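File shown here: target.txt, holding compact mmCIF, C-alpha atoms.
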```txt
# COMPACT_ATOMS: atom_id res chain seq x y z
CA MET A 1 -11.89 -10.71 -17.13
CA LEU A 2 -9.64 -7.81 -18.11
CA GLY A 3 -10.58 -4.26 -17.14
CA PRO A 4 -10.50 -1.38 -19.59
CA ARG A 5 -7.12 0.01 -20.54
CA PRO A 6 -6.41 3.63 -19.56
CA THR A 7 -7.39 5.80 -22.49
CA GLY A 8 -7.46 9.43 -23.36
CA ALA A 9 -4.46 10.41 -21.22
CA GLU A 10 -3.15 13.78 -22.29
CA PRO A 11 0.49 13.88 -23.35
CA VAL A 12 2.80 15.05 -20.60
CA ARG A 13 4.47 18.38 -21.25
CA PRO A 14 8.14 17.45 -21.80
CA ALA A 15 9.52 20.77 -20.54
CA ASP A 16 7.74 21.10 -17.22
CA GLY A 17 6.10 17.77 -16.48
CA PRO A 18 2.64 17.45 -14.93
CA LEU A 19 1.39 20.40 -12.95
CA THR A 20 0.04 18.22 -10.17
CA ALA A 21 0.50 14.83 -8.55
CA ARG A 22 -2.87 13.88 -10.03
CA ASP A 23 -1.51 14.58 -13.52
CA ALA A 24 1.50 12.39 -12.76
CA ALA A 25 -0.72 9.55 -11.55
CA ARG A 26 -2.86 9.83 -14.69
CA ALA A 27 0.22 9.75 -16.93
CA ALA A 28 1.60 6.77 -14.99
CA GLU A 29 -1.75 5.02 -15.43
CA ALA A 30 -1.35 5.26 -19.20
CA GLU A 31 2.23 4.01 -18.91
CA LEU A 32 1.03 1.14 -16.73
CA GLY A 33 -1.46 0.14 -19.42
CA ARG A 34 1.33 -0.04 -21.99
CA VAL A 35 3.56 -2.02 -19.65
CA LEU A 36 0.79 -4.53 -18.92
CA ASP A 37 0.00 -4.95 -22.61
CA GLU A 38 3.63 -5.87 -23.25
CA ALA A 39 3.74 -8.19 -20.22
CA LEU A 40 0.57 -10.00 -21.30
CA GLU A 41 1.96 -10.45 -24.80
CA ARG A 42 5.05 -12.09 -23.35
CA ALA A 43 2.92 -14.29 -21.06
CA ARG A 44 0.77 -15.48 -23.95
CA ALA A 45 3.88 -16.32 -25.94
CA THR A 46 5.16 -18.33 -22.96
CA ASP A 47 1.97 -20.32 -22.34
CA PRO A 48 -1.68 -19.51 -23.12
CA VAL A 49 -3.13 -21.32 -20.08
CA PHE A 50 -0.79 -19.52 -17.68
CA ALA A 51 -1.59 -16.23 -19.41
CA ARG A 52 -5.34 -16.75 -19.17
CA ASP A 53 -5.49 -17.98 -15.59
CA ILE A 54 -2.70 -16.02 -13.91
CA ALA A 55 -1.34 -13.15 -16.00
CA GLU A 56 -4.76 -11.83 -16.97
CA ARG A 57 -5.92 -11.90 -13.35
CA VAL A 58 -2.89 -9.91 -12.24
CA THR A 59 -3.56 -7.39 -14.98
CA ALA A 60 -7.23 -7.12 -14.04
CA LEU A 61 -6.39 -6.45 -10.39
CA VAL A 62 -3.86 -3.74 -11.26
CA LEU A 63 -6.25 -1.98 -13.61
CA CYS A 64 -9.45 -2.28 -11.57
CA GLY A 65 -8.72 0.56 -9.20
CA GLY A 66 -6.42 1.76 -6.50
CA LYS A 67 -5.50 5.22 -5.28
CA ARG A 68 -2.14 5.33 -7.11
CA LEU A 69 -0.73 6.99 -3.99
CA ARG A 70 2.73 5.55 -4.48
CA THR A 71 3.10 7.12 -7.92
CA SER A 72 1.87 10.46 -6.59
CA PHE A 73 4.32 10.37 -3.69
CA ALA A 74 7.16 9.51 -6.07
CA TRP A 75 6.24 12.62 -8.06
CA CYS A 76 6.35 14.71 -4.87
CA GLY A 77 9.83 13.41 -4.09
CA TRP A 78 10.97 14.12 -7.62
CA ARG A 79 9.63 17.67 -7.58
CA ALA A 80 10.92 18.37 -4.06
CA ALA A 81 14.41 17.50 -5.29
CA GLY A 82 14.04 19.85 -8.26
CA GLY A 83 12.90 17.33 -10.84
CA ALA A 84 11.88 18.72 -14.22
CA GLY A 85 12.03 17.73 -17.86
CA ASP A 86 11.80 14.13 -19.07
CA LEU A 87 9.28 12.17 -17.01
CA ALA A 88 9.79 8.74 -18.58
CA ALA A 89 11.86 7.25 -15.72
CA LEU A 90 9.50 8.65 -13.09
CA LEU A 91 6.41 7.26 -14.80
CA ARG A 92 7.94 3.82 -15.24
CA THR A 93 9.05 3.81 -11.61
CA GLY A 94 5.48 4.70 -10.66
CA ALA A 95 4.17 1.82 -12.75
CA ALA A 96 6.65 -0.55 -11.06
CA LEU A 97 5.39 0.60 -7.66
CA GLU A 98 1.82 -0.20 -8.67
CA LEU A 99 2.90 -3.71 -9.71
CA VAL A 100 4.73 -4.39 -6.45
CA GLN A 101 1.60 -3.21 -4.68
CA ALA A 102 -0.40 -5.84 -6.59
CA CYS A 103 2.05 -8.50 -5.39
CA ALA A 104 1.58 -7.38 -1.79
CA LEU A 105 -2.23 -7.34 -2.06
CA ILE A 106 -2.48 -10.80 -3.63
CA HIS A 107 -0.19 -12.39 -1.06
CA ASP A 108 -1.76 -10.51 1.85
CA ASP A 109 -5.24 -11.70 0.85
CA VAL A 110 -4.04 -15.31 0.79
CA MET A 111 -2.41 -15.02 4.23
CA ASP A 112 -5.43 -13.27 5.73
CA ASP A 113 -7.96 -15.40 3.79
CA SER A 114 -9.64 -12.17 2.77
CA ALA A 115 -12.53 -12.62 0.33
CA LEU A 116 -12.72 -9.13 -1.15
CA ARG A 117 -10.29 -6.74 -2.75
CA ARG A 118 -11.26 -3.45 -4.37
CA GLY A 119 -14.90 -4.45 -4.28
CA ALA A 120 -14.36 -7.71 -6.17
CA PRO A 121 -13.44 -11.28 -5.20
CA SER A 122 -9.80 -11.66 -4.21
CA VAL A 123 -7.53 -13.44 -6.66
CA HIS A 124 -7.42 -16.65 -4.62
CA VAL A 125 -11.23 -16.63 -4.34
CA GLU A 126 -11.56 -16.29 -8.12
CA LEU A 127 -9.11 -19.14 -8.62
CA ALA A 128 -11.03 -21.39 -6.22
CA ARG A 129 -14.22 -20.70 -8.17
CA MET A 130 -12.40 -21.49 -11.42
CA HIS A 131 -11.27 -24.79 -9.90
CA GLU A 132 -14.82 -25.68 -8.87
CA SER A 133 -16.51 -24.63 -12.10
CA GLY A 134 -13.89 -26.48 -14.14
CA HIS A 135 -14.46 -29.67 -12.11
CA MET A 136 -10.75 -29.91 -11.39
CA THR A 137 -9.38 -32.49 -8.99
CA GLY A 138 -8.05 -31.87 -5.50
CA PRO A 139 -9.06 -29.32 -2.85
CA PRO A 140 -10.05 -25.98 -4.45
CA GLY A 141 -8.61 -23.98 -1.56
CA ALA A 142 -5.15 -25.53 -1.76
CA PHE A 143 -5.02 -25.06 -5.53
CA ALA A 144 -6.21 -21.46 -5.26
CA ALA A 145 -3.73 -20.49 -2.55
CA SER A 146 -0.80 -21.96 -4.48
CA ALA A 147 -1.87 -20.36 -7.75
CA ALA A 148 -2.43 -16.99 -6.07
CA VAL A 149 1.09 -17.09 -4.63
CA LEU A 150 2.33 -17.53 -8.19
CA ALA A 151 0.15 -14.62 -9.32
CA GLY A 152 1.71 -12.40 -6.68
CA ASP A 153 5.16 -13.61 -7.69
CA LEU A 154 4.39 -12.71 -11.30
CA ALA A 155 3.40 -9.17 -10.32
CA LEU A 156 6.71 -8.81 -8.47
CA VAL A 157 8.63 -10.19 -11.47
CA TRP A 158 6.98 -7.62 -13.72
CA ALA A 159 7.75 -4.87 -11.20
CA ASP A 160 11.40 -5.91 -10.91
CA ASP A 161 11.81 -6.16 -14.68
CA LEU A 162 10.40 -2.67 -15.14
CA LEU A 163 12.45 -1.08 -12.37
CA THR A 164 15.64 -2.79 -13.60
CA GLU A 165 15.08 -1.54 -17.14
CA THR A 166 14.47 1.94 -15.78
CA ALA A 167 17.58 1.86 -13.60
CA LEU A 168 19.75 0.65 -16.48
CA GLY A 169 18.64 3.65 -18.54
CA SER A 170 19.13 6.21 -15.78
CA PRO A 171 22.31 8.00 -14.68
CA HIS A 172 21.06 7.41 -11.14
CA GLY A 173 20.45 3.71 -11.74
CA PRO A 174 22.62 2.22 -8.95
CA ARG A 175 21.06 4.46 -6.28
CA LEU A 176 17.58 3.77 -7.63
CA HIS A 177 18.12 0.02 -7.57
CA ARG A 178 19.54 0.05 -4.02
CA GLU A 179 16.47 1.92 -2.79
CA TRP A 180 14.24 -0.63 -4.53
CA GLN A 181 16.18 -3.50 -2.94
CA GLU A 182 15.70 -2.04 0.52
CA MET A 183 11.97 -1.60 -0.09
CA ARG A 184 11.43 -5.21 -1.17
CA GLY A 185 13.32 -6.58 1.82
CA GLU A 186 11.33 -4.39 4.20
CA MET A 187 8.04 -5.60 2.74
CA VAL A 188 8.92 -9.25 3.27
CA ALA A 189 10.26 -8.59 6.77
CA GLY A 190 7.09 -6.70 7.70
CA GLN A 191 4.84 -9.42 6.37
CA TYR A 192 6.74 -12.05 8.33
CA ARG A 193 6.67 -10.00 11.53
CA ASP A 194 2.90 -9.75 11.07
CA LEU A 195 2.58 -13.53 10.73
CA HIS A 196 4.95 -14.07 13.64
CA ALA A 197 3.01 -11.73 15.91
CA GLN A 198 -0.26 -13.50 15.10
CA ALA A 199 1.29 -16.90 15.78
CA THR A 200 2.86 -15.87 19.08
CA GLY A 201 -0.04 -13.72 20.27
CA ALA A 202 2.24 -10.66 20.59
CA LEU A 203 0.25 -7.47 21.06
CA ALA A 204 2.78 -4.85 22.13
CA VAL A 205 2.48 -1.33 20.75
CA GLU A 206 6.18 -1.35 19.85
CA ASP A 207 5.77 -4.52 17.79
CA ALA A 208 2.71 -3.06 16.07
CA VAL A 209 4.69 0.05 15.09
CA THR A 210 7.52 -2.08 13.70
CA ILE A 211 5.10 -4.17 11.64
CA ALA A 212 3.22 -1.12 10.35
CA THR A 213 6.47 0.61 9.41
CA LEU A 214 8.04 -2.33 7.58
CA LYS A 215 4.93 -3.79 6.04
CA SER A 216 3.20 -0.62 4.88
CA ALA A 217 4.58 2.79 5.81
CA LEU A 218 7.92 2.56 4.03
CA TYR A 219 6.77 1.04 0.75
CA THR A 220 3.62 3.15 0.61
CA VAL A 221 5.20 6.57 1.16
CA GLY A 222 8.81 6.53 2.40
CA ARG A 223 10.45 4.60 -0.42
CA PRO A 224 8.32 6.13 -3.23
CA LEU A 225 9.30 9.62 -2.04
CA ALA A 226 12.97 8.60 -1.98
CA LEU A 227 12.79 6.89 -5.38
CA GLY A 228 11.39 10.07 -6.89
CA GLY A 229 14.04 12.15 -5.16
CA ILE A 230 16.83 9.91 -6.44
CA LEU A 231 15.59 10.32 -10.01
CA ALA A 232 16.11 14.08 -9.53
CA ASP A 233 19.58 13.49 -8.02
CA ALA A 234 18.55 14.51 -4.50
CA ASP A 235 21.41 15.10 -2.08
CA ALA A 236 21.70 13.35 1.29
CA SER A 237 19.90 16.05 3.29
CA VAL A 238 16.91 16.11 0.94
CA LEU A 239 16.69 12.31 0.93
CA GLU A 240 16.81 12.23 4.73
CA ALA A 241 13.96 14.74 4.91
CA LEU A 242 11.94 12.79 2.34
CA ARG A 243 12.43 9.51 4.21
CA SER A 244 11.41 11.10 7.52
CA ALA A 245 8.35 12.68 5.93
CA GLY A 246 7.47 9.37 4.30
CA ARG A 247 7.79 7.32 7.46
CA CYS A 248 5.42 9.63 9.35
CA ALA A 249 2.88 9.89 6.52
CA GLY A 250 3.10 6.13 5.89
CA LEU A 251 2.38 5.35 9.53
CA ALA A 252 -0.57 7.74 9.45
CA PHE A 253 -1.82 5.88 6.37
CA GLN A 254 -1.50 2.49 8.08
CA LEU A 255 -3.18 3.67 11.27
CA ARG A 256 -6.09 4.93 9.19
CA ASP A 257 -6.20 1.54 7.48
CA ASP A 258 -6.36 -0.09 10.93
CA ILE A 259 -9.43 2.00 11.78
CA ILE A 260 -11.05 1.23 8.44
CA GLY A 261 -10.30 -2.47 8.93
CA ALA A 262 -12.12 -2.40 12.25
CA PHE A 263 -14.95 0.06 11.61
CA GLY A 264 -15.16 0.57 7.83
CA ASP A 265 -18.11 -0.01 5.52
CA PRO A 266 -17.32 -2.73 2.92
CA ASP A 267 -19.54 -0.96 0.39
CA LEU A 268 -17.22 2.05 0.59
CA THR A 269 -13.86 0.37 1.18
CA GLY A 270 -14.20 -2.67 -1.09
CA LYS A 271 -12.77 -4.82 1.73
CA PRO A 272 -14.42 -6.92 4.44
CA ALA A 273 -15.11 -5.11 7.70
CA GLY A 274 -14.02 -6.53 11.02
CA ASP A 275 -11.56 -9.10 9.67
CA ASP A 276 -8.67 -7.56 11.62
CA LEU A 277 -10.70 -7.84 14.83
CA ARG A 278 -12.09 -11.27 14.05
CA THR A 279 -8.57 -12.68 13.60
CA ARG A 280 -7.11 -10.40 16.31
CA LYS A 281 -4.54 -9.12 13.84
CA PRO A 282 -1.77 -7.31 15.76
CA THR A 283 -2.62 -3.83 14.53
CA TYR A 284 -1.62 -0.62 16.26
CA LEU A 285 -5.29 0.03 17.04
CA LEU A 286 -5.71 -3.28 18.85
CA ALA A 287 -2.35 -2.97 20.64
CA ALA A 288 -3.20 0.56 21.78
CA GLY A 289 -6.60 -0.67 22.93
CA ALA A 290 -5.09 -3.48 24.99
CA ARG A 291 -2.61 -1.07 26.60
CA LEU A 292 -5.34 1.43 27.43
CA ALA A 293 -7.61 -1.23 28.86
CA ASP A 294 -4.78 -2.43 31.10
CA ALA A 295 -3.92 1.12 32.22
CA LEU A 296 -7.57 1.81 33.03
CA GLY A 297 -8.01 -1.46 34.85
CA ASP A 298 -10.85 -2.34 32.48
CA ARG A 299 -10.66 -6.13 32.65
CA GLU A 300 -13.76 -6.63 30.54
CA SER A 301 -12.23 -4.69 27.64
CA ALA A 302 -8.82 -6.27 28.14
CA ASN A 303 -10.26 -9.79 28.00
CA ILE A 304 -12.15 -9.09 24.80
CA LEU A 305 -9.19 -7.40 23.05
CA VAL A 306 -6.21 -9.59 23.92
CA PRO A 307 -5.45 -12.74 21.89
CA GLY A 308 -7.18 -15.84 23.15
CA GLU A 309 -9.88 -18.17 22.04
CA PRO A 310 -11.33 -17.68 18.54
CA PRO A 311 -14.09 -15.07 18.73
CA GLY A 312 -17.67 -16.23 18.67
CA PRO A 313 -20.82 -14.56 17.33
CA GLY A 314 -20.98 -10.93 18.33
CA THR A 315 -17.35 -10.72 19.44
CA VAL A 316 -16.42 -8.20 16.72
CA ARG A 317 -19.26 -5.95 17.88
CA LEU A 318 -18.03 -6.21 21.48
CA MET A 319 -14.45 -5.44 20.41
CA ARG A 320 -15.58 -2.35 18.52
CA ALA A 321 -17.55 -1.18 21.53
CA ALA A 322 -14.54 -1.72 23.80
CA LEU A 323 -12.22 0.25 21.50
CA GLU A 324 -14.67 3.14 21.52
CA ARG A 325 -15.38 2.97 25.26
CA ILE A 326 -11.76 3.07 26.43
CA GLY A 327 -10.83 5.79 23.95
CA ALA A 328 -8.53 3.71 21.73
CA ARG A 329 -10.14 4.85 18.50
CA ALA A 330 -9.92 8.50 19.56
CA ALA A 331 -6.28 8.05 20.62
CA VAL A 332 -5.35 6.57 17.24
CA GLU A 333 -7.19 9.39 15.45
CA ALA A 334 -5.09 11.89 17.43
CA GLU A 335 -1.91 9.97 16.58
CA ILE A 336 -2.80 10.08 12.87
CA THR A 337 -3.11 13.87 13.01
CA GLN A 338 0.20 14.22 14.86
CA LEU A 339 1.99 11.99 12.36
CA ALA A 340 0.55 13.91 9.41
CA ASP A 341 1.71 17.21 10.92
CA ALA A 342 5.19 15.82 11.52
CA SER A 343 5.32 14.58 7.94
CA LEU A 344 4.57 18.06 6.59
CA ARG A 345 7.30 19.58 8.75
CA HIS A 346 9.86 17.07 7.52
CA PHE A 347 8.84 17.62 3.90
CA ALA A 348 9.26 21.38 4.30
CA ARG A 349 12.94 20.74 5.12
CA THR A 350 13.50 19.64 1.52
CA GLY A 351 13.11 23.24 0.39
CA ALA A 352 10.31 22.24 -1.99
CA GLU A 353 8.48 25.15 -3.55
CA PRO A 354 5.07 26.08 -2.06
CA THR A 355 3.03 24.49 -4.85
CA VAL A 356 4.75 21.13 -4.32
CA ARG A 357 4.32 21.40 -0.55
CA ARG A 358 0.59 21.98 -1.03
CA GLU A 359 0.42 18.95 -3.33
CA PHE A 360 2.16 16.85 -0.71
CA GLU A 361 -0.12 18.13 2.04
CA ALA A 362 -3.20 17.18 0.01
CA LEU A 363 -1.79 13.70 -0.58
CA VAL A 364 -1.02 13.18 3.10
CA GLU A 365 -4.53 14.27 4.04
CA ARG A 366 -5.96 11.86 1.49
CA ALA A 367 -3.77 8.96 2.61
CA ALA A 368 -4.43 9.61 6.30
CA GLY A 369 -8.18 10.15 5.83
CA LEU A 370 -8.03 13.68 7.25
CA ALA A 371 -10.25 16.61 6.36
CA PRO A 372 -8.45 19.20 4.19
CA ARG A 373 -7.02 22.07 6.19
CA ARG A 374 -8.41 25.54 5.89
CA ALA A 375 -6.31 27.98 3.91
CA GLY A 376 -3.50 29.30 6.09
CA GLU A 377 -4.00 26.74 8.86
CA ALA A 378 -0.68 25.79 10.34
CA ALA A 379 0.51 22.22 10.69
```
Could you take the file, read its structure, and then write that structure out as structure tokens?
Amino acid sequence: MLGPRPTGAEPVRPADGPLTARDAARAAEAELGRVLDEALERARATDPVFARDIAERVTALVLCGGKRLRTSFAWCGWRAAGGAGDLAALLRTGAALELVQACALIHDDVMDDSALRRGAPSVHVELARMHESGHMTGPPGAFAASAAVLAGDLALVWADDLLTETALGSPHGPRLHREWQEMRGEMVAGQYRDLHAQATGALAVEDAVTIATLKSALYTVGRPLALGGILADADASVLEALRSAGRCAGLAFQLRDDIIGAFGDPDLTGKPAGDDLRTRKPTYLLAAGARLADALGDRESANILVPGEPPGPGTVRLMRAALERIGARAAVEAEITQLADASLRHFARTGAEPTVRREFEALVERAAGLAPRRAGEAA
């Protein structure tokens, strides 16, 4: 069940730190492996059945892939604020961010009833299969959903333990912990607003922006940038610039995820395609499409995009066609580019050196799914 541990990571230069965000992510990957080994040892000492069924599945999910964007953005925040020297606190903060991401993914898959994650069965799907193959009593789905919630909770416990230990050992511990508290609250608020919007049928662009900001943009980019900056003792002006840059880049990331969720290839993304459309999830893409259809007087597109009866066979294909026809996909693509450009301008206000600004630009392009800029091309 468990994936391979990160191996062969080169030691981080203690004087200068990694030269690139990629180096930081690789070093954090090795740190994450050590953290998970310790966590699994504690879980096995607590109870072997719990460790086998829950703790090992959490570990496998964390190690089986992921872009490690949050760690890389934390490094950018750290370097923008002048960070240098001992990287231990930064790497452990990066590992904690990867664990809180695992919590979000596990819970999100349960709420969305999503079957795939990172090209493999979602945790709740694996647990349902375990229930069936073990000839356990009761409904497999109910057991799996409950157990997966506990798996997500465990990932969050591990993340909180790691961040707390890091904060206690840092001179910037109180600021670091406050930033972490804000991030966790935002994640829960965003997830609830998402559920609430689906239940009420809300499909306003403003609501979609709020959900995308709280549920994804802040904890994907904004808070990691700020956490890194705090570890380098960033002042208020630098932190404000980092948070502004992170909000814009995080929204660009989520808008790209909306497009992938509607039009992506599961073989490339590792996630089901069309689920957001099938369930009429209140994404920015769908909200923008509904607004455009209404403005254009396109009743056919409006009727297929707005919440209503559960979609039948072929509805996802019709929704995709409508989003293309009325220009919603193109409009969201343009918005992604504008947000990425704004993010780079905000980041420049930190006074980060050119090499760090180029690293941040490459990360934003990667997160937003944009083609790399040509040398010298202005934002």
Mind giving me the straight-line distance from atom CA of A:Arg329 to atom CA of A:Val316 in Å, one decimal? 14.6 Å
Excluding A:Asp233 and residues on its chain fewer than 4 positions from it, collect all residues at most 8 Å away from it, counting only C-alpha atoms, and give them as a ChimeraX atom specification. /A:81,172,229
Show which residues sit within 12 Å of A:Val332, as a ChimeraX atom specification. Count all atoms listed in the file, and ignore same-chain residues fewer than 6 positions away. /A:205,251-260,283-289,292,323-324,326,338-339,368
Please, what distance in Å, to one decimal, runs between atom CA of A:Leu370 and atom CA of A:Thr93?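 Pair atom CA of A:Leu370 / atom CA of A:Thr93 returns 27.3 Å.
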With stretch 40-63 of chain A as the partner and 10 Å as the cut-off, tabulate the residues of stretch 148-191 of chain A that qualify, each row holding the nearest pair of atoms and their distance in Å to one decimal, using only C-alpha atoms, sorted by chain and rising number, as a tab-separated table.
```
residue	atom	partner	partner_atom	distance
A:Ala148	CA	A:Ile54	CA	7.9
A:Leu150	CA	A:Ile54	CA	7.8
A:Ala151	CA	A:Ile54	CA	5.6
A:Gly152	CA	A:Val58	CA	7.6
A:Asp153	CA	A:Val58	CA	10.0
A:Leu154	CA	A:Ala55	CA	7.4
A:Ala155	CA	A:Val58	CA	6.6
```
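Restricting the calculation to all atoms listed in the file, the smallest distance between A:Thr71 and any of A:Pro224, A:Gly297, A:Pro139, A:Pro171 is found for A:Pro224.
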Hey, which of A:Leu277, A:Thr350, A:Ala334, A:Gly201 ends up closest to A:Ala236? Count only C-alpha atoms.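 The closest residue to A:Ala236 is A:Thr350.
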Compare A:Ala21, A:Met319, A:Thr279, A:Thr337 by their minimum atom-to-atom distance to A:Ala199, counting all atoms listed in the file, and give me the closest one. A:Thr279
Separation of atom CA of A:Val306 from atom CA of A:Leu203, in Å and rounded to one decimal: 7.4 Å
Env of A:Thr210: 10 Å cut, atoms = all atoms listed in the file, seq-sep filter 6 positions within chain, self excluded. Answer as a ChimeraX atom specification. /A:189-190,193-194,216-217,251,284
Rank A:Cys64, A:Cys248, A:Ala89, A:Ala321 by their smallest atom-to-atom distance to A:Glu31, using all atoms listed in the file, and report the top residue only.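 Closest to A:Glu31 of all the choices is A:Ala89.
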Quick one: everything within 10 Å of A:Gly141, counting all atoms listed in the file, minus sequence neighbours fewer than 4 positions away in the same chain. Send it as a ChimeraX atom specification. /A:124-125,127-129,131-132,145-147
For those residues, write C-alpha atoms to a file as a PDB file, in the coordinates of the input.
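The result, written out as again-v5.pdb:
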```pdb
ATOM      1  CA  HIS A 124      -7.420 -16.650  -4.620  1.00  0.00           C
ATOM      2  CA  VAL A 125     -11.230 -16.630  -4.340  1.00  0.00           C
ATOM      3  CA  LEU A 127      -9.110 -19.140  -8.620  1.00  0.00           C
ATOM      4  CA  ALA A 128     -11.030 -21.390  -6.220  1.00  0.00           C
ATOM      5  CA  ARG A 129     -14.220 -20.700  -8.170  1.00  0.00           C
ATOM      6  CA  HIS A 131     -11.270 -24.790  -9.900  1.00  0.00           C
ATOM      7  CA  GLU A 132     -14.820 -25.680  -8.870  1.00  0.00           C
ATOM      8  CA  ALA A 145      -3.730 -20.490  -2.550  1.00  0.00           C
ATOM      9  CA  SER A 146      -0.800 -21.960  -4.480  1.00  0.00           C
ATOM     10  CA  ALA A 147      -1.870 -20.360  -7.750  1.00  0.00           C
TER      11      ALA A 147
END
```
When distances are computed from only C-alpha atoms, which of A:Arg178, A:Arg278, A:Lys215, A:Arg22 shows the smallest separation from A:Phe73?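 Under the stated criterion, the closest residue is A:Arg22.
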Which residue of A:Arg366, A:Lys67, A:Lys281, A:Arg291 approaches A:Ala328 most closely, using all atoms listed in the file: A:Arg291
